[in-house]
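See below for data-v8.pdb, which holds PDB, C-alpha atoms, pLDDT in the B column.
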ATOM      1  CA  MET C   1       0.000   0.000   0.000  1.00 70.00           C
ATOM      2  CA  SER C   2       1.392   3.412  -1.009  1.00 78.00           C
ATOM      3  CA  TYR C   3       1.369   6.322   1.371  1.00 81.00           C
ATOM      4  CA  CYS C   4       2.919   9.712   2.005  1.00 85.00           C
ATOM      5  CA  ARG C   5       3.880  11.476   5.227  1.00 88.00           C
ATOM      6  CA  GLN C   6       5.399  14.824   6.133  1.00 89.00           C
ATOM      7  CA  GLU C   7       8.361  15.018   8.519  1.00 88.00           C
ATOM      8  CA  GLY C   8       9.321  18.634   9.053  1.00 87.00           C
ATOM      9  CA  LYS C   9      10.264  20.097   5.682  1.00 83.00           C
ATOM     10  CA  ASP C  10      10.570  16.625   4.092  1.00 85.00           C
ATOM     11  CA  ARG C  11       7.848  14.720   2.325  1.00 84.00           C
ATOM     12  CA  ILE C  12       8.333  10.928   2.406  1.00 86.00           C
ATOM     13  CA  ILE C  13       6.544   8.857  -0.204  1.00 83.00           C
ATOM     14  CA  PHE C  14       6.356   5.064  -0.058  1.00 84.00           C
ATOM     15  CA  VAL C  15       5.239   3.262  -3.193  1.00 83.00           C
ATOM     16  CA  THR C  16       4.600  -0.359  -4.038  1.00 86.00           C
ATOM     17  CA  LYS C  17       6.070  -2.438  -6.843  1.00 85.00           C
ATOM     18  CA  GLU C  18       2.715  -2.227  -8.587  1.00 84.00           C
ATOM     19  CA  ASP C  19       2.903   1.580  -8.540  1.00 81.00           C
ATOM     20  CA  HIS C  20       6.110   1.390 -10.593  1.00 79.00           C
ATOM     21  CA  GLU C  21       4.735  -1.073 -13.150  1.00 84.00           C
ATOM     22  CA  THR C  22       2.551   1.541 -14.846  1.00 82.00           C
ATOM     23  CA  PRO C  23       4.113   4.370 -16.865  1.00 80.00           C
ATOM     24  CA  SER C  24       4.299   7.756 -15.174  1.00 75.00           C
ATOM     25  CA  ASN C  25       1.765  10.381 -16.159  1.00 76.00           C
ATOM     26  CA  ALA C  26       3.817  13.242 -14.712  1.00 72.00           C
ATOM     27  CA  GLU C  27       4.265  16.255 -16.995  1.00 74.00           C
ATOM     28  CA  LEU C  28       7.551  18.145 -16.969  1.00 67.00           C
ATOM     29  CA  VAL C  29       7.392  21.915 -17.258  1.00 66.00           C
ATOM     30  CA  ALA C  30      10.256  23.660 -19.046  1.00 66.00           C
ATOM     31  CA  ASP C  31      12.112  26.340 -17.094  1.00 63.00           C
ATOM     32  CA  ASP C  32      11.092  29.887 -17.919  1.00 64.00           C
ATOM     33  CA  PRO C  33      14.315  31.745 -18.864  1.00 62.00           C
ATOM     34  CA  ASN C  34      12.574  35.046 -18.078  1.00 64.00           C
ATOM     35  CA  ASP C  35      11.668  34.032 -14.524  1.00 60.00           C
ATOM     36  CA  PRO C  36      13.353  36.717 -12.386  1.00 55.00           C
ATOM     37  CA  TYR C  37      13.462  34.319  -9.420  1.00 46.00           C
ATOM     38  CA  GLU C  38      15.124  31.478 -11.306  1.00 58.00           C
ATOM     39  CA  ASP C  39      18.769  30.907 -10.436  1.00 66.00           C
ATOM     40  CA  HIS C  40      21.115  31.385 -13.363  1.00 71.00           C
ATOM     41  CA  GLY C  41      24.832  30.957 -13.776  1.00 81.00           C
ATOM     42  CA  LEU C  42      27.296  33.713 -14.555  1.00 85.00           C
ATOM     43  CA  ILE C  43      25.814  34.420 -17.977  1.00 84.00           C
ATOM     44  CA  LEU C  44      22.095  35.144 -18.265  1.00 81.00           C
ATOM     45  CA  PRO C  45      20.086  33.691 -21.179  1.00 79.00           C
ATOM     46  CA  ASN C  46      20.311  37.049 -22.982  1.00 82.00           C
ATOM     47  CA  GLY C  47      24.135  36.991 -22.778  1.00 83.00           C
ATOM     48  CA  ASP C  48      24.487  39.610 -20.036  1.00 87.00           C
ATOM     49  CA  ILE C  49      26.614  39.043 -16.938  1.00 88.00           C
ATOM     50  CA  ASN C  50      24.635  37.912 -13.889  1.00 87.00           C
ATOM     51  CA  TRP C  51      26.103  40.142 -11.185  1.00 87.00           C
ATOM     52  CA  ASN C  52      24.105  38.232  -8.546  1.00 84.00           C
ATOM     53  CA  CYS C  53      25.818  34.916  -9.343  1.00 84.00           C
ATOM     54  CA  PRO C  54      27.297  33.397  -6.169  1.00 84.00           C
ATOM     55  CA  CYS C  55      30.285  32.382  -8.304  1.00 86.00           C
ATOM     56  CA  LEU C  56      31.486  35.994  -8.157  1.00 86.00           C
ATOM     57  CA  GLY C  57      31.810  35.765  -4.389  1.00 84.00           C
ATOM     58  CA  GLY C  58      30.123  39.118  -3.776  1.00 84.00           C
ATOM     59  CA  MET C  59      32.827  41.026  -5.659  1.00 88.00           C
ATOM     60  CA  ALA C  60      30.191  42.975  -7.612  1.00 89.00           C
ATOM     61  CA  SER C  61      29.007  44.663  -4.420  1.00 87.00           C
ATOM     62  CA  GLY C  62      30.874  46.602  -1.769  1.00 87.00           C
ATOM     63  CA  PRO C  63      33.079  49.667  -2.040  1.00 92.00           C
ATOM     64  CA  CYS C  64      34.923  48.371  -5.142  1.00 93.00           C
ATOM     65  CA  GLY C  65      31.936  46.743  -6.824  1.00 92.00           C
ATOM     66  CA  GLU C  66      31.738  49.239  -9.667  1.00 94.00           C
ATOM     67  CA  GLN C  67      35.462  48.914 -10.411  1.00 94.00           C
ATOM     68  CA  PHE C  68      35.117  45.118 -10.377  1.00 94.00           C
ATOM     69  CA  LYS C  69      32.126  45.257 -12.729  1.00 94.00           C
ATOM     70  CA  SER C  70      34.005  47.545 -15.091  1.00 95.00           C
ATOM     71  CA  ALA C  71      37.104  45.316 -15.159  1.00 94.00           C
ATOM     72  CA  PHE C  72      35.193  42.043 -15.380  1.00 93.00           C
ATOM     73  CA  SER C  73      32.872  43.350 -18.109  1.00 93.00           C
ATOM     74  CA  CYS C  74      35.829  44.615 -20.099  1.00 94.00           C
ATOM     75  CA  PHE C  75      37.554  41.253 -19.785  1.00 92.00           C
ATOM     76  CA  HIS C  76      34.413  39.229 -20.555  1.00 90.00           C
ATOM     77  CA  TYR C  77      33.572  41.192 -23.701  1.00 91.00           C
ATOM     78  CA  SER C  78      37.206  41.662 -24.804  1.00 91.00           C
ATOM     79  CA  THR C  79      37.898  40.705 -28.412  1.00 91.00           C
ATOM     80  CA  GLU C  80      41.637  41.353 -28.287  1.00 91.00           C
ATOM     81  CA  GLU C  81      44.050  38.616 -29.360  1.00 90.00           C
ATOM     82  CA  VAL C  82      45.285  38.399 -25.769  1.00 91.00           C
ATOM     83  CA  LYS C  83      41.909  38.442 -24.023  1.00 90.00           C
ATOM     84  CA  GLY C  84      41.663  41.331 -21.571  1.00 90.00           C
ATOM     85  CA  SER C  85      44.825  43.075 -22.728  1.00 91.00           C
ATOM     86  CA  ASP C  86      42.681  46.131 -23.433  1.00 94.00           C
ATOM     87  CA  CYS C  87      41.457  46.174 -19.803  1.00 93.00           C
ATOM     88  CA  VAL C  88      44.642  47.026 -17.900  1.00 94.00           C
ATOM     89  CA  ASP C  89      43.352  50.445 -16.802  1.00 95.00           C
ATOM     90  CA  GLN C  90      40.124  48.969 -15.400  1.00 95.00           C
ATOM     91  CA  PHE C  91      42.018  46.264 -13.497  1.00 94.00           C
ATOM     92  CA  ARG C  92      44.461  48.825 -12.157  1.00 95.00           C
ATOM     93  CA  ALA C  93      41.561  50.966 -10.875  1.00 95.00           C
ATOM     94  CA  MET C  94      40.017  47.892  -9.239  1.00 94.00           C
ATOM     95  CA  GLN C  95      43.331  46.950  -7.600  1.00 93.00           C
ATOM     96  CA  GLU C  96      43.874  50.508  -6.333  1.00 94.00           C
ATOM     97  CA  CYS C  97      40.380  50.531  -4.853  1.00 94.00           C
ATOM     98  CA  MET C  98      40.926  47.178  -3.131  1.00 92.00           C
ATOM     99  CA  GLN C  99      44.160  48.413  -1.580  1.00 92.00           C
ATOM    100  CA  LYS C 100      42.164  51.152   0.182  1.00 93.00           C
ATOM    101  CA  TYR C 101      40.090  48.485   1.985  1.00 90.00           C
ATOM    102  CA  PRO C 102      42.544  45.862   3.289  1.00 89.00           C
ATOM    103  CA  ASP C 103      40.014  44.540   5.822  1.00 88.00           C
ATOM    104  CA  LEU C 104      37.522  43.726   3.044  1.00 86.00           C
ATOM    105  CA  TYR C 105      40.072  42.655   0.427  1.00 86.00           C
ATOM    106  CA  PRO C 106      42.955  40.976   2.303  1.00 84.00           C
ATOM    107  CA  GLN C 107      46.340  41.109   0.642  1.00 77.00           C
ATOM    108  CA  GLU C 108      48.546  38.036   0.973  1.00 72.00           C
ATOM    109  CA  GLU C 109      51.807  39.332  -0.502  1.00 61.00           C
ATOM    110  CA  ASP C 110      54.217  42.088   0.467  1.00 52.00           C
ATOM    111  CA  GLU C 111      53.324  45.506  -0.894  1.00 52.00           C
ATOM    112  CA  GLU C 112      56.468  45.648  -3.070  1.00 49.00           C
ATOM    113  CA  GLU C 113      55.681  42.362  -4.802  1.00 55.00           C
ATOM    114  CA  LYS C 114      52.031  43.187  -5.197  1.00 51.00           C
ATOM    115  CA  ALA C 115      52.645  46.594  -6.722  1.00 51.00           C
ATOM    116  CA  SER C 116      54.415  44.933  -9.623  1.00 50.00           C
ATOM    117  CA  GLU C 117      52.021  41.976  -9.898  1.00 56.00           C
ATOM    118  CA  GLY C 118      48.650  43.525  -8.998  1.00 55.00           C
ATOM    119  CA  VAL C 119      47.280  43.952 -12.494  1.00 56.00           C
ATOM    120  CA  GLU C 120      48.508  40.528 -13.574  1.00 63.00           C
ATOM    121  CA  GLU C 121      46.875  38.887 -10.538  1.00 62.00           C
ATOM    122  CA  ALA C 122      43.589  40.644 -11.131  1.00 59.00           C
ATOM    123  CA  THR C 123      43.666  39.598 -14.773  1.00 60.00           C
ATOM    124  CA  ALA C 124      44.471  36.019 -13.776  1.00 64.00           C
ATOM    125  CA  ALA C 125      41.614  36.001 -11.255  1.00 61.00           C
ATOM    126  CA  ALA C 126      39.183  37.300 -13.855  1.00 62.00           C
ATOM    127  CA  THR C 127      40.492  34.746 -16.359  1.00 62.00           C
ATOM    128  CA  ALA C 128      39.962  31.929 -13.857  1.00 63.00           C
ATOM    129  CA  ALA C 129      36.480  33.163 -12.939  1.00 60.00           C
ATOM    130  CA  THR C 130      35.540  33.496 -16.598  1.00 61.00           C
ATOM    131  CA  ALA C 131      36.910  30.045 -17.438  1.00 61.00           C
ATOM    132  CA  ALA C 132      34.984  28.495 -14.540  1.00 59.00           C
ATOM    133  CA  ALA C 133      31.830  30.311 -15.564  1.00 58.00           C
ATOM    134  CA  GLU C 134      32.219  29.276 -19.211  1.00 62.00           C
ATOM    135  CA  GLU C 135      32.743  25.660 -18.116  1.00 63.00           C
ATOM    136  CA  ALA C 136      29.617  25.815 -15.960  1.00 56.00           C
ATOM    137  CA  LEU C 137      27.710  27.373 -18.835  1.00 54.00           C
ATOM    138  CA  THR C 138      28.896  24.633 -21.207  1.00 55.00           C
ATOM    139  CA  LYS C 139      27.792  21.947 -18.739  1.00 56.00           C
ATOM    140  CA  GLU C 140      24.467  23.750 -18.271  1.00 53.00           C
ATOM    141  CA  GLU C 141      23.886  23.912 -22.045  1.00 53.00           C
ATOM    142  CA  GLY C 142      24.936  20.288 -22.454  1.00 55.00           C
ATOM    143  CA  SER C 143      22.360  19.123 -19.925  1.00 52.00           C
ATOM    144  CA  SER C 144      19.535  21.001 -21.677  1.00 50.00           C
TER     145      SER C 144
END

Take the structure in the file and write it out as structure tokens.
Amino acid sequence: MSYCRQEGKDRIIFVTKEDHETPSNAELVADDPNDPYEDHGLILPNGDINWNCPCLGGMASGPCGEQFKSAFSCFHYSTEEVKGSDCVDQFRAMQECMQKYPDLYPQEEDEEEKASEGVEEATAAATAATAAAEEALTKEEGSS
């Protein structure tokens, strides 16, 4: 005999062998890409960057959020042969902003080393974030 019970937030359903012998009549509803409450990855269905994606780790908000958005957007949409090579100024502005807030954006290296590597590190971080997001997007498209 089949039955269902609720335990807290969980719903437990017990079914019999006979229940599984008949084909399911459940109807699947396709996800609405325009649903504002639907979770999306880094890239929204319209191709825009999803600044609310948890994969960005909150970098799009806070005192340097606008500088991050500018640098990340530049990198994401860059068509240069060396992707992002046209975004050095935006990454420099982001790095300078982050240095003003060491409690929010901890620095792991000595100031001397970081001054020479700051832009390269920011570019590398954006490259890694973009690569991870593109991989997630590819997996997401492949499962559709």

Point to revise | Explicit residues for the PyMOL selection byres ((chain C and resi 55-66) around 9) (as a PyMOL selection string) | key: chain C and resi 41-42+51-54+67-71+94-95+97-98+101+104+129+132-133

Point to revise | Interatomic distance (Å, one decimal) between CA of Ile49 in chain C and CA of Ser73 in chain C | key: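 That distance, rounded to one decimal, is 7.7 Å.
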
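Once the PyMOL selection byres ((chain C and resi 14) around 8) is applied to the shown structure, the selection contains Ser2, Tyr3, Cys4, Ile12, Ile13, Val15 and Thr16 of chain C.
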
Check your understanding: CA of Gly47 in chain C and CA of Asp86 in chain C are how many Å apart?
Key ->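 The value is 20.7 Å.
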
**Study point:** Point-to-point distance in Å for CA of His40 in chain C and CA of Lys83 in chain C
**Key:** 24.4 Å

Review point. If you count all atoms listed in the file, which residues fall within 7 Å of Cys74 in chain C, apart from same-chain ones fewer than 4 positions away, as a PyMOL selection string?
Key: chain C and resi 70+78+84+87
